[in-house]
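The structure under discussion appears below in the form of structure tokens.
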Amino acid sequence: MSAPELDRRFVDPSLLTDTPDGPALLGSRCADCGAHTFPRQDGCPRCTGAEMEDVPLSRTGTLWSWTTQGFRPKPPYTGTEAHEPYAVGYVELPGQLLVESRLTGADPDALEIGMPVELALVPFRDDPDGGPVHTFAFVRSTP
């Protein structure tokens, strides 16, 4: 998916950046203490430093914890009215931070804390023209 197409077809294009390996989440890193944030922030929550730089976050990580989202989230959620339960969890991005994300491509019974996962773009809802709008999720990594 090219960047212009991504701008039209992603729930929030400011959350992503292109890398040679494909799309990555776009976070911030504090120039003073090295803390990472997602989404990007202007100030550091760890040391209150004001020098934050944009950085692509790791596309791979480890499932840290998870649960099942059994009901439709409250606004500002903009997904479809029809709701099917889905897995959501925290993914540890090595040397960076924990990211809350949808988990997809796995039966909840197959999810394991500590399993390797990688970033994917998945359909979220349709735009007014009927085209798919994507969001990010993590899926089990293939060895």
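In the structure tokens, chains take the letters A, B, ... in the order shown, each chain's residues start at 1, and ligands count up from 1 in the order shown.
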Original post:
Where in chain A does DSSP assign strand (DSSP E or B), given as a ChimeraX atom specification?
Top reply: /A:10,16-19,22-30,36-37,52-56,60-69,86-93,97-104,116-126,132-140
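One finds CA of Ser65 in chain A at 9.5 Å from CA of Leu111 in chain A.
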Subject >> Non-local contacts of Asp12 in chain A (10 Å; only C-alpha atoms; under 6 positions in same chain excluded) as a ChimeraX atom specification >> reply: /A:6,133-136
Can you build me a table of range 8-27 of chain A residues sitting at most 12 Å from range 82-106 of chain A, with the closest atom pair per residue and its distance in Å to one decimal, using only C-alpha atoms, sorted by chain and residue number, as JSON lines?
```
{"residue": "A:Ala24", "atom": "CA", "partner": "A:Leu93", "partner_atom": "CA", "distance": 11.5}
{"residue": "A:Leu25", "atom": "CA", "partner": "A:Val99", "partner_atom": "CA", "distance": 9.7}
{"residue": "A:Leu26", "atom": "CA", "partner": "A:Val99", "partner_atom": "CA", "distance": 11.5}
{"residue": "A:Gly27", "atom": "CA", "partner": "A:Gln96", "partner_atom": "CA", "distance": 9.6}
```
Subject >> Residues flagged helix (DSSP H, G or I) by DSSP in chain A, as a list in words >> reply: Ala3, Pro4, Glu5, Leu6, Asp7, Arg8, Arg9, Pro13, Ser14, Leu15, Pro108, Asp109 and Ala110 of chain A
Subject >> Which residue of A:Leu121, A:Val55, A:Ala110, A:Cys47 approaches Arg29 in chain A most closely, using only C-alpha atoms >> reply: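 Of A:Leu121, A:Val55, A:Ala110, A:Cys47, the one nearest Arg29 in chain A, counting only C-alpha atoms, is A:Val55.
If only C-alpha atoms are the atoms counted, then among A:Thr80, A:Thr67, A:Gly61, A:Arg72 the closest residue to Val117 in chain A is A:Gly61.
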Subject >> Pick from A:Ala120, A:Ala35, A:Cys44, A:Val11 nearest to Pro132 in chain A, counting only C-alpha atoms >> reply: A:Val11
**OP:** Write out as a list in words each polymer residue whose atoms come within 6 Å of Pro116 in chain A, counting only C-alpha atoms; drop sequence neighbours fewer than 5 positions from it.
**Re:**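 The neighbour list is Gly61, Thr62, Arg140 and Ser141 of chain A.
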Original post:
Which residue out of A:Asp109, A:Pro20, A:Arg59, A:Pro73 has the minimum interatomic distance to Ala137 in chain A when only C-alpha atoms are used?
Top reply: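 Going through A:Asp109, A:Pro20, A:Arg59, A:Pro73 one by one, the smallest distance to Ala137 in chain A is for A:Arg59.
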